[in-house]
file start-v7.cif (mmCIF, C-alpha atoms (C1' of nucleotides))
data_coords
loop_
_atom_site.group_PDB
_atom_site.id
_atom_site.type_symbol
_atom_site.label_atom_id
_atom_site.label_comp_id
_atom_site.auth_asym_id
_atom_site.auth_seq_id
_atom_site.Cartn_x
_atom_site.Cartn_y
_atom_site.Cartn_z
ATOM 1 C CA MET K 1 14.514 14.177 17.631
ATOM 2 C CA PRO K 2 12.344 15.926 15.045
ATOM 3 C CA SER K 3 13.019 19.618 14.759
ATOM 4 C CA ALA K 4 9.680 20.933 15.908
ATOM 5 C CA PRO K 5 8.772 24.518 15.140
ATOM 6 C CA VAL K 6 8.928 27.075 17.917
ATOM 7 C CA SER K 7 5.220 26.771 18.588
ATOM 8 C CA LEU K 8 3.154 23.746 17.714
ATOM 9 C CA PRO K 9 -0.441 24.198 16.618
ATOM 10 C CA PRO K 10 -2.928 23.602 19.431
ATOM 11 C CA LEU K 11 -3.807 19.931 19.032
ATOM 12 C CA PRO K 12 -7.490 20.089 19.989
ATOM 13 C CA LEU K 13 -8.044 22.696 17.295
ATOM 14 C CA LEU K 14 -6.145 20.561 14.798
ATOM 15 C CA HIS K 15 -8.264 17.545 15.709
ATOM 16 C CA GLU K 16 -11.512 19.457 15.444
ATOM 17 C CA ARG K 17 -10.676 21.031 12.101
ATOM 18 C CA VAL K 18 -9.422 17.852 10.437
ATOM 19 C CA SER K 19 -12.257 15.679 11.728
ATOM 20 C CA GLY K 20 -14.810 18.306 10.752
ATOM 21 C CA TRP K 21 -13.332 18.453 7.288
ATOM 22 C CA TYR K 22 -13.509 14.663 7.008
ATOM 23 C CA ALA K 23 -17.206 14.634 7.868
ATOM 24 C CA GLU K 24 -17.793 17.067 5.028
ATOM 25 C CA ALA K 25 -15.300 16.061 2.369
ATOM 26 C CA GLY K 26 -14.102 12.553 3.240
ATOM 27 C CA ARG K 27 -14.921 9.565 1.037
ATOM 28 C CA THR K 28 -17.258 8.079 3.597
ATOM 29 C CA HIS K 29 -18.992 6.125 0.840
ATOM 30 C CA LEU K 30 -16.074 3.751 0.317
ATOM 31 C CA PRO K 31 -17.495 0.265 0.956
ATOM 32 C CA TRP K 32 -14.992 -0.662 3.654
ATOM 33 C CA ARG K 33 -15.945 2.507 5.534
ATOM 34 C CA GLU K 34 -19.601 1.523 5.734
ATOM 35 C CA PRO K 35 -20.578 0.746 9.338
ATOM 36 C CA ASP K 36 -21.724 -2.767 8.413
ATOM 37 C CA CYS K 37 -18.509 -3.734 6.631
ATOM 38 C CA SER K 38 -16.979 -6.860 8.160
ATOM 39 C CA ALA K 39 -13.526 -6.946 9.712
ATOM 40 C CA TRP K 40 -12.530 -9.182 6.822
ATOM 41 C CA GLY K 41 -13.611 -6.467 4.416
ATOM 42 C CA VAL K 42 -11.511 -3.916 6.270
ATOM 43 C CA PHE K 43 -8.563 -6.290 6.372
ATOM 44 C CA LEU K 44 -8.833 -6.936 2.647
ATOM 45 C CA SER K 45 -9.015 -3.240 1.854
ATOM 46 C CA GLU K 46 -5.909 -2.489 3.893
ATOM 47 C CA VAL K 47 -3.784 -5.146 2.225
ATOM 48 C CA MET K 48 -4.997 -4.191 -1.235
ATOM 49 C CA SER K 49 -4.212 -0.555 -0.499
ATOM 50 C CA GLN K 50 -0.559 -1.180 0.325
ATOM 51 C CA GLN K 51 1.185 0.935 -2.324
ATOM 52 C CA THR K 52 -1.873 0.906 -4.576
ATOM 53 C CA PRO K 53 -4.238 3.892 -5.097
ATOM 54 C CA LEU K 54 -7.755 3.389 -3.746
ATOM 55 C CA SER K 55 -9.317 4.130 -7.114
ATOM 56 C CA ARG K 56 -7.847 0.890 -8.411
ATOM 57 C CA VAL K 57 -8.550 -1.019 -5.213
ATOM 58 C CA GLU K 58 -12.314 -0.554 -5.060
ATOM 59 C CA PRO K 59 -13.393 -2.678 -8.069
ATOM 60 C CA ALA K 60 -11.058 -5.497 -7.064
ATOM 61 C CA TRP K 61 -12.251 -5.300 -3.463
ATOM 62 C CA ARG K 62 -15.889 -5.676 -4.538
ATOM 63 C CA GLU K 63 -15.059 -8.687 -6.662
ATOM 64 C CA TRP K 64 -13.051 -10.349 -3.909
ATOM 65 C CA MET K 65 -15.800 -9.738 -1.334
ATOM 66 C CA ARG K 66 -18.413 -11.165 -3.668
ATOM 67 C CA ARG K 67 -16.291 -14.216 -4.339
ATOM 68 C CA TRP K 68 -14.724 -14.743 -0.904
ATOM 69 C CA PRO K 69 -16.947 -13.041 1.684
ATOM 70 C CA THR K 70 -15.142 -14.659 4.636
ATOM 71 C CA PRO K 71 -11.585 -15.792 5.421
ATOM 72 C CA ALA K 72 -12.725 -19.417 5.178
ATOM 73 C CA ASP K 73 -13.967 -18.856 1.627
ATOM 74 C CA LEU K 74 -10.593 -17.584 0.495
ATOM 75 C CA ALA K 75 -8.674 -20.222 2.423
ATOM 76 C CA ALA K 76 -10.699 -22.923 0.647
ATOM 77 C CA ALA K 77 -9.655 -21.656 -2.789
ATOM 78 C CA PRO K 78 -6.393 -22.501 -4.542
ATOM 79 C CA PRO K 79 -3.801 -19.757 -3.997
ATOM 80 C CA GLY K 80 -3.519 -19.375 -7.758
ATOM 81 C CA ASP K 81 -7.125 -18.183 -7.858
ATOM 82 C CA ALA K 82 -6.175 -15.375 -5.497
ATOM 83 C CA VAL K 83 -3.179 -14.460 -7.629
ATOM 84 C CA ARG K 84 -5.305 -14.405 -10.773
ATOM 85 C CA ALA K 85 -8.102 -12.407 -9.119
ATOM 86 C CA TRP K 86 -5.480 -9.967 -7.936
ATOM 87 C CA GLY K 87 -5.203 -8.844 -11.519
ATOM 88 C CA ARG K 88 -3.050 -5.807 -12.057
ATOM 89 C CA LEU K 89 -3.066 -4.354 -8.540
ATOM 90 C CA GLY K 90 0.682 -4.842 -8.375
ATOM 91 C CA TYR K 91 3.002 -6.624 -5.932
ATOM 92 C CA PRO K 92 1.201 -9.963 -6.399
ATOM 93 C CA ARG K 93 2.898 -11.492 -3.385
ATOM 94 C CA ARG K 94 0.251 -9.590 -1.452
ATOM 95 C CA ALA K 95 -2.402 -11.869 -2.947
ATOM 96 C CA LEU K 96 -0.472 -14.916 -1.836
ATOM 97 C CA ARG K 97 -0.010 -13.541 1.669
ATOM 98 C CA LEU K 98 -3.693 -12.677 1.837
ATOM 99 C CA HIS K 99 -4.459 -16.299 1.097
ATOM 100 C CA GLU K 100 -1.971 -17.420 3.742
ATOM 101 C CA ALA K 101 -3.422 -14.981 6.248
ATOM 102 C CA ALA K 102 -6.916 -16.320 5.593
ATOM 103 C CA THR K 103 -5.603 -19.820 6.224
ATOM 104 C CA VAL K 104 -4.096 -18.757 9.544
ATOM 105 C CA MET K 105 -7.366 -17.084 10.526
ATOM 106 C CA VAL K 106 -9.191 -20.358 9.928
ATOM 107 C CA GLN K 107 -6.602 -22.475 11.704
ATOM 108 C CA ARG K 108 -5.878 -20.309 14.713
ATOM 109 C CA HIS K 109 -8.576 -17.650 15.039
ATOM 110 C CA GLY K 110 -11.804 -19.540 14.459
ATOM 111 C CA GLY K 111 -12.157 -18.131 10.972
ATOM 112 C CA GLU K 112 -12.223 -14.550 12.247
ATOM 113 C CA VAL K 113 -9.923 -11.591 11.753
ATOM 114 C CA PRO K 114 -8.001 -11.107 15.013
ATOM 115 C CA SER K 115 -8.436 -7.725 16.678
ATOM 116 C CA THR K 116 -5.207 -6.991 18.519
ATOM 117 C CA PRO K 117 -2.127 -5.504 16.856
ATOM 118 C CA GLU K 118 0.008 -8.363 18.187
ATOM 119 C CA GLU K 119 -2.159 -11.057 16.595
ATOM 120 C CA LEU K 120 -2.469 -9.095 13.384
ATOM 121 C CA LEU K 121 1.279 -8.512 13.144
ATOM 122 C CA ALA K 122 1.822 -12.256 13.237
ATOM 123 C CA LEU K 123 -0.152 -12.672 10.015
ATOM 124 C CA PRO K 124 1.733 -12.817 6.702
ATOM 125 C CA GLY K 125 1.621 -9.558 4.791
ATOM 126 C CA VAL K 126 0.740 -7.535 7.874
ATOM 127 C CA GLY K 127 3.220 -4.960 9.140
ATOM 128 C CA ALA K 128 2.997 -2.132 11.644
ATOM 129 C CA TYR K 129 0.721 0.009 9.520
ATOM 130 C CA THR K 130 -1.797 -2.664 8.561
ATOM 131 C CA ALA K 131 -1.961 -4.091 12.078
ATOM 132 C CA ALA K 132 -2.742 -0.673 13.526
ATOM 133 C CA ALA K 133 -5.182 0.210 10.760
ATOM 134 C CA VAL K 134 -7.228 -2.981 11.098
ATOM 135 C CA SER K 135 -7.289 -2.706 14.889
ATOM 136 C CA CYS K 136 -8.522 0.851 14.609
ATOM 137 C CA PHE K 137 -10.853 0.787 11.626
ATOM 138 C CA ALA K 138 -12.377 -2.653 12.139
ATOM 139 C CA PHE K 139 -12.380 -2.890 15.942
ATOM 140 C CA GLY K 140 -12.274 0.663 17.219
ATOM 141 C CA ILE K 141 -8.976 0.220 19.029
ATOM 142 C CA PRO K 142 -7.193 3.607 18.953
ATOM 143 C CA GLU K 143 -3.804 2.439 17.680
ATOM 144 C CA VAL K 144 -1.266 4.837 16.193
ATOM 145 C CA VAL K 145 -1.921 4.543 12.469
ATOM 146 C CA VAL K 146 0.955 5.905 10.410
ATOM 147 C CA ASP K 147 0.997 5.581 6.652
ATOM 148 C CA THR K 148 2.571 7.730 3.952
ATOM 149 C CA ASN K 149 -0.318 10.204 4.131
ATOM 150 C CA VAL K 150 -0.131 10.644 7.888
ATOM 151 C CA ARG K 151 3.634 11.026 7.706
ATOM 152 C CA ARG K 152 3.342 13.791 5.148
ATOM 153 C CA VAL K 153 0.581 15.669 6.983
ATOM 154 C CA LEU K 154 2.481 15.564 10.276
ATOM 155 C CA ALA K 155 5.759 16.531 8.606
ATOM 156 C CA ARG K 156 4.078 19.603 7.205
ATOM 157 C CA THR K 157 1.724 20.714 9.937
ATOM 158 C CA LEU K 158 3.940 19.921 12.928
ATOM 159 C CA GLU K 159 7.501 19.872 11.636
ATOM 160 C CA GLY K 160 7.249 22.486 8.914
ATOM 161 C CA LYS K 161 8.869 20.225 6.321
ATOM 162 C CA ALA K 162 7.695 19.562 2.773
ATOM 163 C CA PHE K 163 8.213 15.795 3.132
ATOM 164 C CA PRO K 164 9.167 13.315 5.849
ATOM 165 C CA ASN K 165 12.496 11.522 5.591
ATOM 166 C CA PRO K 166 12.688 8.446 3.323
ATOM 167 C CA THR K 167 12.416 5.953 6.159
ATOM 168 C CA LEU K 168 9.970 5.983 9.040
ATOM 169 C CA ASN K 169 11.828 6.297 12.339
ATOM 170 C CA ARG K 170 11.024 6.062 16.004
ATOM 171 C CA ALA K 171 10.828 9.805 16.566
ATOM 172 C CA GLU K 172 8.127 10.020 13.944
ATOM 173 C CA MET K 173 6.059 7.343 15.644
ATOM 174 C CA VAL K 174 6.426 9.191 18.930
ATOM 175 C CA LEU K 175 5.302 12.396 17.287
ATOM 176 C CA ALA K 176 2.299 10.640 15.762
ATOM 177 C CA ALA K 177 1.400 9.111 19.122
ATOM 178 C CA GLU K 178 1.693 12.448 20.883
ATOM 179 C CA SER K 179 -0.454 14.160 18.289
ATOM 180 C CA MET K 180 -3.358 11.764 18.800
ATOM 181 C CA PRO K 181 -6.476 12.736 20.739
ATOM 182 C CA ALA K 182 -6.714 11.144 24.168
ATOM 183 C CA ASP K 183 -10.362 10.206 23.839
ATOM 184 C CA ARG K 184 -10.932 6.852 22.161
ATOM 185 C CA ASP K 185 -13.672 7.783 19.715
ATOM 186 C CA THR K 186 -12.038 11.074 18.840
ATOM 187 C CA ALA K 187 -8.766 9.274 18.231
ATOM 188 C CA ASN K 188 -10.386 6.772 15.887
ATOM 189 C CA THR K 189 -11.946 9.546 13.854
ATOM 190 C CA TRP K 190 -8.678 11.464 13.799
ATOM 191 C CA ASN K 191 -6.832 8.438 12.424
ATOM 192 C CA VAL K 192 -9.023 8.117 9.372
ATOM 193 C CA ALA K 193 -9.451 11.866 8.935
ATOM 194 C CA VAL K 194 -5.782 12.805 8.924
ATOM 195 C CA MET K 195 -5.043 9.981 6.498
ATOM 196 C CA GLU K 196 -7.800 11.189 4.208
ATOM 197 C CA LEU K 197 -6.540 14.755 4.382
ATOM 198 C CA GLY K 198 -3.166 13.525 3.159
ATOM 199 C CA ALA K 199 -4.815 11.558 0.364
ATOM 200 C CA LEU K 200 -7.062 14.327 -0.947
ATOM 201 C CA VAL K 201 -5.628 17.723 0.061
ATOM 202 C CA CYS K 202 -2.170 17.495 1.579
ATOM 203 C CA VAL K 203 -0.916 15.450 -1.364
ATOM 204 C CA ALA K 204 2.701 14.892 -2.348
ATOM 205 C CA ARG K 205 2.619 16.875 -5.565
ATOM 206 C CA GLY K 206 0.542 20.009 -5.835
ATOM 207 C CA PRO K 207 -0.904 20.215 -2.328
ATOM 208 C CA ARG K 208 -4.186 22.139 -2.275
ATOM 209 C CA CYS K 209 -3.513 24.362 0.684
ATOM 210 C CA ASP K 210 -6.358 26.666 -0.365
ATOM 211 C CA ASP K 211 -8.776 23.847 0.450
ATOM 212 C CA CYS K 212 -7.004 22.765 3.629
ATOM 213 C CA PRO K 213 -8.892 23.143 6.914
ATOM 214 C CA VAL K 214 -5.660 23.684 8.847
ATOM 215 C CA ALA K 215 -3.728 25.884 6.426
ATOM 216 C CA ASP K 216 -3.494 28.642 9.027
ATOM 217 C CA LEU K 217 -2.162 26.182 11.615
ATOM 218 C CA CYS K 218 0.272 24.364 9.330
ATOM 219 C CA ALA K 219 3.914 25.056 10.194
ATOM 220 C CA TRP K 220 5.019 24.359 6.632
ATOM 221 C CA ASN K 221 2.399 26.593 5.033
ATOM 222 C CA VAL K 222 2.955 29.408 7.524
ATOM 223 C CA ALA K 223 6.696 29.242 6.828
ATOM 224 C CA GLY K 224 6.054 29.815 3.130
ATOM 225 C CA ARG K 225 6.147 26.159 2.085
ATOM 226 C CA PRO K 226 9.935 25.758 1.928
ATOM 227 C CA ALA K 227 11.332 23.102 -0.422
ATOM 228 C CA TYR K 228 12.371 19.659 0.840
ATOM 229 C CA ASP K 229 15.993 19.613 1.967
ATOM 230 C CA GLY K 230 16.359 16.233 3.667
ATOM 231 C CA PRO K 231 18.223 13.149 2.446
ATOM 232 C CA PRO K 232 17.487 12.210 -1.194
ATOM 233 C CA ARG K 233 14.494 9.977 -1.710
ATOM 234 C CA ARG K 234 15.394 7.152 -4.012
ATOM 235 C CA GLY K 235 13.359 6.758 -7.162
ATOM 236 C CA GLN K 236 11.984 3.478 -8.396
ATOM 237 C CA ALA K 237 13.744 2.147 -11.465
ATOM 238 C CA TRP K 238 11.516 0.201 -13.787
ATOM 239 C CA HIS K 239 12.633 -0.365 -17.375
ATOM 240 C CA GLY K 240 14.699 -3.510 -17.701
ATOM 241 C CA THR K 241 14.357 -4.476 -14.058
ATOM 242 C CA ASP K 242 13.460 -7.897 -12.754
ATOM 243 C CA ARG K 243 10.234 -6.413 -11.493
ATOM 244 C CA GLN K 244 9.183 -5.562 -15.007
ATOM 245 C CA VAL K 245 10.023 -9.043 -16.261
ATOM 246 C CA ARG K 246 8.328 -10.759 -13.333
ATOM 247 C CA GLY K 247 5.280 -8.650 -14.017
ATOM 248 C CA GLU K 248 5.226 -9.682 -17.662
ATOM 249 C CA LEU K 249 5.667 -13.370 -16.812
ATOM 250 C CA LEU K 250 2.883 -13.280 -14.284
ATOM 251 C CA ARG K 251 0.614 -11.387 -16.642
ATOM 252 C CA ARG K 252 0.935 -14.174 -19.201
ATOM 253 C CA LEU K 253 0.287 -16.839 -16.593
ATOM 254 C CA ARG K 254 -2.769 -14.978 -15.282
ATOM 255 C CA GLU K 255 -4.283 -14.600 -18.692
ATOM 256 C CA ALA K 256 -3.661 -18.207 -19.676
ATOM 257 C CA HIS K 257 -6.071 -20.324 -17.676
ATOM 258 C CA HIS K 258 -3.964 -23.431 -18.213
ATOM 259 C CA ALA K 259 -0.318 -24.386 -17.874
ATOM 260 C CA VAL K 260 1.973 -22.400 -20.174
ATOM 261 C CA PRO K 261 4.935 -23.978 -21.969
ATOM 262 C CA LEU K 262 8.288 -22.288 -21.528
ATOM 263 C CA SER K 263 8.143 -21.297 -25.168
ATOM 264 C CA GLY K 264 5.250 -19.016 -24.295
ATOM 265 C CA LEU K 265 7.239 -17.281 -21.579
ATOM 266 C CA GLU K 266 10.853 -17.038 -22.639
ATOM 267 C CA ASP K 267 10.342 -13.986 -24.816
ATOM 268 C CA SER K 268 9.062 -11.963 -21.868
ATOM 269 C CA ALA K 269 12.302 -9.981 -22.104
ATOM 270 C CA ASP K 270 15.248 -9.743 -24.493
ATOM 271 C CA ASP K 271 17.641 -11.264 -22.000
ATOM 272 C CA ARG K 272 16.845 -14.940 -21.673
ATOM 273 C CA VAL K 273 19.077 -15.304 -18.638
ATOM 274 C CA GLN K 274 17.038 -12.624 -16.918
ATOM 275 C CA VAL K 275 13.781 -14.316 -17.873
ATOM 276 C CA MET K 276 14.880 -17.600 -16.350
ATOM 277 C CA ARG K 277 16.138 -15.885 -13.230
ATOM 278 C CA CYS K 278 12.794 -14.156 -12.809
ATOM 279 C CA LEU K 279 10.830 -17.311 -13.485
ATOM 280 C CA ASP K 280 12.870 -19.116 -10.853
ATOM 281 C CA SER K 281 12.293 -16.311 -8.386
ATOM 282 C CA LEU K 282 8.538 -16.456 -8.993
ATOM 283 C CA VAL K 283 8.644 -20.184 -8.307
ATOM 284 C CA ALA K 284 10.688 -19.561 -5.161
ATOM 285 C CA ASP K 285 8.089 -17.006 -4.038
ATOM 286 C CA GLY K 286 5.290 -19.508 -4.546
ATOM 287 C CA LEU K 287 3.633 -17.363 -7.185
ATOM 288 C CA VAL K 288 4.316 -19.859 -9.950
ATOM 289 C CA GLU K 289 4.183 -23.620 -9.943
ATOM 290 C CA PRO K 290 6.403 -25.632 -12.299
ATOM 291 C CA LEU K 291 4.613 -28.703 -13.626
ATOM 292 C CA SER K 292 7.808 -29.840 -15.256
ATOM 293 C CA ARG K 293 10.976 -28.134 -16.370
ATOM 294 C CA SER K 294 9.059 -26.650 -19.285
ATOM 295 C CA ARG K 295 5.472 -26.026 -18.170
ATOM 296 C CA TYR K 296 4.315 -23.449 -15.646
ATOM 297 C CA ARG K 297 1.063 -22.248 -14.088
ATOM 298 C CA LEU K 298 -0.306 -20.301 -11.156
ATOM 299 C CA PRO K 299 -0.226 -22.426 -7.973
ATOM 300 C CA ALA K 300 -3.106 -24.851 -7.489
ATOM 301 C "C1'" DC U 1 19.213 0.290 7.291
ATOM 302 C "C1'" DA U 2 18.980 -0.257 2.345
ATOM 303 C "C1'" DC U 3 17.012 -2.730 -0.978
ATOM 304 C "C1'" DT U 4 13.504 -5.322 -3.525
ATOM 305 C "C1'" DC U 5 8.938 -6.245 -4.872
ATOM 306 C "C1'" DG U 6 4.038 -4.172 -9.799
ATOM 307 C "C1'" DT U 7 1.204 -1.140 -11.919
ATOM 308 C "C1'" DG U 8 -0.810 2.850 -13.757
ATOM 309 C "C1'" DG U 9 -2.374 7.672 -13.299
ATOM 310 C "C1'" DA U 10 -1.180 12.514 -12.787
ATOM 311 C "C1'" DG U 11 1.450 16.525 -13.883
ATOM 312 C "C1'" DT Q 1 7.898 11.851 -22.791
ATOM 313 C "C1'" DC Q 2 9.391 11.178 -18.388
ATOM 314 C "C1'" DT Q 3 9.350 11.518 -13.430
ATOM 315 C "C1'" DC Q 4 7.050 10.829 -9.346
ATOM 316 C "C1'" DC Q 5 4.584 8.096 -6.245
ATOM 317 C "C1'" DA Q 6 0.645 5.510 -4.143
ATOM 318 C "C1'" DA Q 7 -3.499 3.197 3.114
ATOM 319 C "C1'" DG Q 8 3.994 -1.042 2.967
ATOM 320 C "C1'" DA Q 9 6.090 -5.580 3.956
ATOM 321 C "C1'" DG Q 10 9.944 -8.661 4.132
ATOM 322 C "C1'" DT Q 11 14.703 -9.530 4.143
#
call {"tool": "encode", "arguments": {"input": "start-v7.cif", "output": "structure tokens"}}
result
Amino acid sequence: MPSAPVSLPPLPLLHERVSGWYAEAGRTHLPWREPDCSAWGVFLSEVMSQQTPLSRVEPAWREWMRRWPTPADLAAAPPGDAVRAWGRLGYPRRALRLHEAATVMVQRHGGEVPSTPEELLALPGVGAYTAAAVSCFAFGIPEVVVDTNVRRVLARTLEGKAFPNPTLNRAEMVLAAESMPADRDTANTWNVAVMELGALVCVARGPRCDDCPVADLCAWNVAGRPAYDGPPRRGQAWHGTDRQVRGELLRRLREAHHAVPLSGLEDSADDRVQVMRCLDSLVADGLVEPLSRSRYRLPA
DNA sequence: CACTCGTGGAG
DNA sequence: TCTCCAAGAGT
């Protein structure tokens, strides 16, 4: 059970303040927030935004929507085109899963994005967050949408903690569900508004409590913003990791628009054994296609 | 549950 | 410079 403060902020007031703030300060101009944006556009934005800042997502999203305006358009393209168009958004397996998801939409959903969380969860690359977000933002279904921003805002306002624990647990989902407005439309607005508050004001480093609409209601702020004291949050190693080498290999294959000989890849890192291991893992993931034992390309 | 999987901007 | 971390998912 989360250690809730002695008195929780009155939820209706919290809802009103956060939603009011969103109407004033939210990035309502983002293309996937336009009322006429298709469900496919919303779906695409959610997958692209997994672990990638929106500022980098928007240009790629516009290009993808211009090129593949429907699931069928993407499904008809070679998966390698999706991987190349993914560019430097990071975690390129997301591009592959997006292509697979588009294929499933064509094969089993009449070329449409499914609307229920259950159907969405069955799609590759879609987890609890994305399923809830697409249901809510594209179809107006008031699911419990919990991402890193929501987790942080709730940890602070309701639990009085600087950060949530490293892993999302059941108690947190219950807390998020209980903090939602009962009314459908109000709940949908709350979902996007609280997420936006976490993205713009209640940020991880250097939260701008002076600009926060609920600073006077926030358990963490009222308590004097005590430092995080939970279990250590693991950092992300980078230099010398397989991720770095995989990234370098894929960068070369993206930029070459034809098959690349092994000689053009093997110096992607100092350790040749590591390079070959990473190349094999990219092939196993379906991100790279071996034409022979010595020529590689993005999958056709 | 703990770990892996890219990339780049901010402080 | 270096650390942190971002609309997470899959194993």
call {"tool": "atom_distance", "arguments": {"input": "start-v7.cif", "atom1": "atom CA of K:Pro142", "atom2": "atom CA of K:Ser115"}}
result
11.6 Å
call {"tool": "resolve_selection", "arguments": {"input": "start-v7.cif", "expression": "the PyMOL selection byres ((chain K) within 10 of (chain U))", "output": "NGL selection string"}}
result
:K and (51-53 or 55-56 or 88-94 or 167 or 205-206 or 238 or 242-244 or 246-248)
call {"tool": "interface_residues", "arguments": {"input": "start-v7.cif", "of": "chain Q", "to": "chain K", "cutoff": "6 Å", "atoms": "only C-alpha atoms (C1' of nucleotides)", "output": "ChimeraX atom specification"}}
result
/Q:6-9
call {"tool": "atom_distance", "arguments": {"input": "start-v7.cif", "atom1": "atom CA of K:Val18", "atom2": "atom CA of K:Thr186"}}
result
11.1 Å
call {"tool": "atom_distance", "arguments": {"input": "start-v7.cif", "atom1": "atom CA of K:Val104", "atom2": "atom CA of K:Ala75"}}
result
8.6 Å
call {"tool": "residues_near_point", "arguments": {"input": "start-v7.cif", "point": "(-9.7, -4.8, 2.9)", "cutoff": "10 Å", "atoms": "all atoms listed in the file", "output": "list in words"}}
result
Pro31, Trp32, Arg33, Cys37, Ser38, Ala39, Trp40, Gly41, Val42, Phe43, Leu44, Ser45, Glu46, Val47, Met48, Ser49, Val57, Glu58, Trp61, Arg62, Trp64, Met65, Leu98, Thr130, Val134 and Ala138 of chain K
call {"tool": "decode", "arguments": {"input": "start-v7.cif", "residues": "chain Q", "atoms": "C-alpha atoms (C1' of nucleotides)", "output": "mmCIF file, in the first residue's frame"}}
result
data_model
loop_
_atom_site.group_PDB
_atom_site.id
_atom_site.type_symbol
_atom_site.label_atom_id
_atom_site.label_comp_id
_atom_site.auth_asym_id
_atom_site.auth_seq_id
_atom_site.Cartn_x
_atom_site.Cartn_y
_atom_site.Cartn_z
ATOM 1 C "C1'" DT Q 1 32.364 16.658 -18.927
ATOM 2 C "C1'" DC Q 2 29.190 13.714 -17.101
ATOM 3 C "C1'" DT Q 3 24.817 12.269 -15.237
ATOM 4 C "C1'" DC Q 4 20.119 11.919 -15.743
ATOM 5 C "C1'" DC Q 5 16.172 10.645 -18.187
ATOM 6 C "C1'" DA Q 6 12.407 10.782 -21.711
ATOM 7 C "C1'" DA Q 7 4.015 9.469 -23.452
ATOM 8 C "C1'" DG Q 8 7.636 1.747 -22.270
ATOM 9 C "C1'" DA Q 9 7.687 -3.013 -24.086
ATOM 10 C "C1'" DG Q 10 9.314 -7.675 -24.063
ATOM 11 C "C1'" DT Q 11 11.553 -11.392 -21.926
#
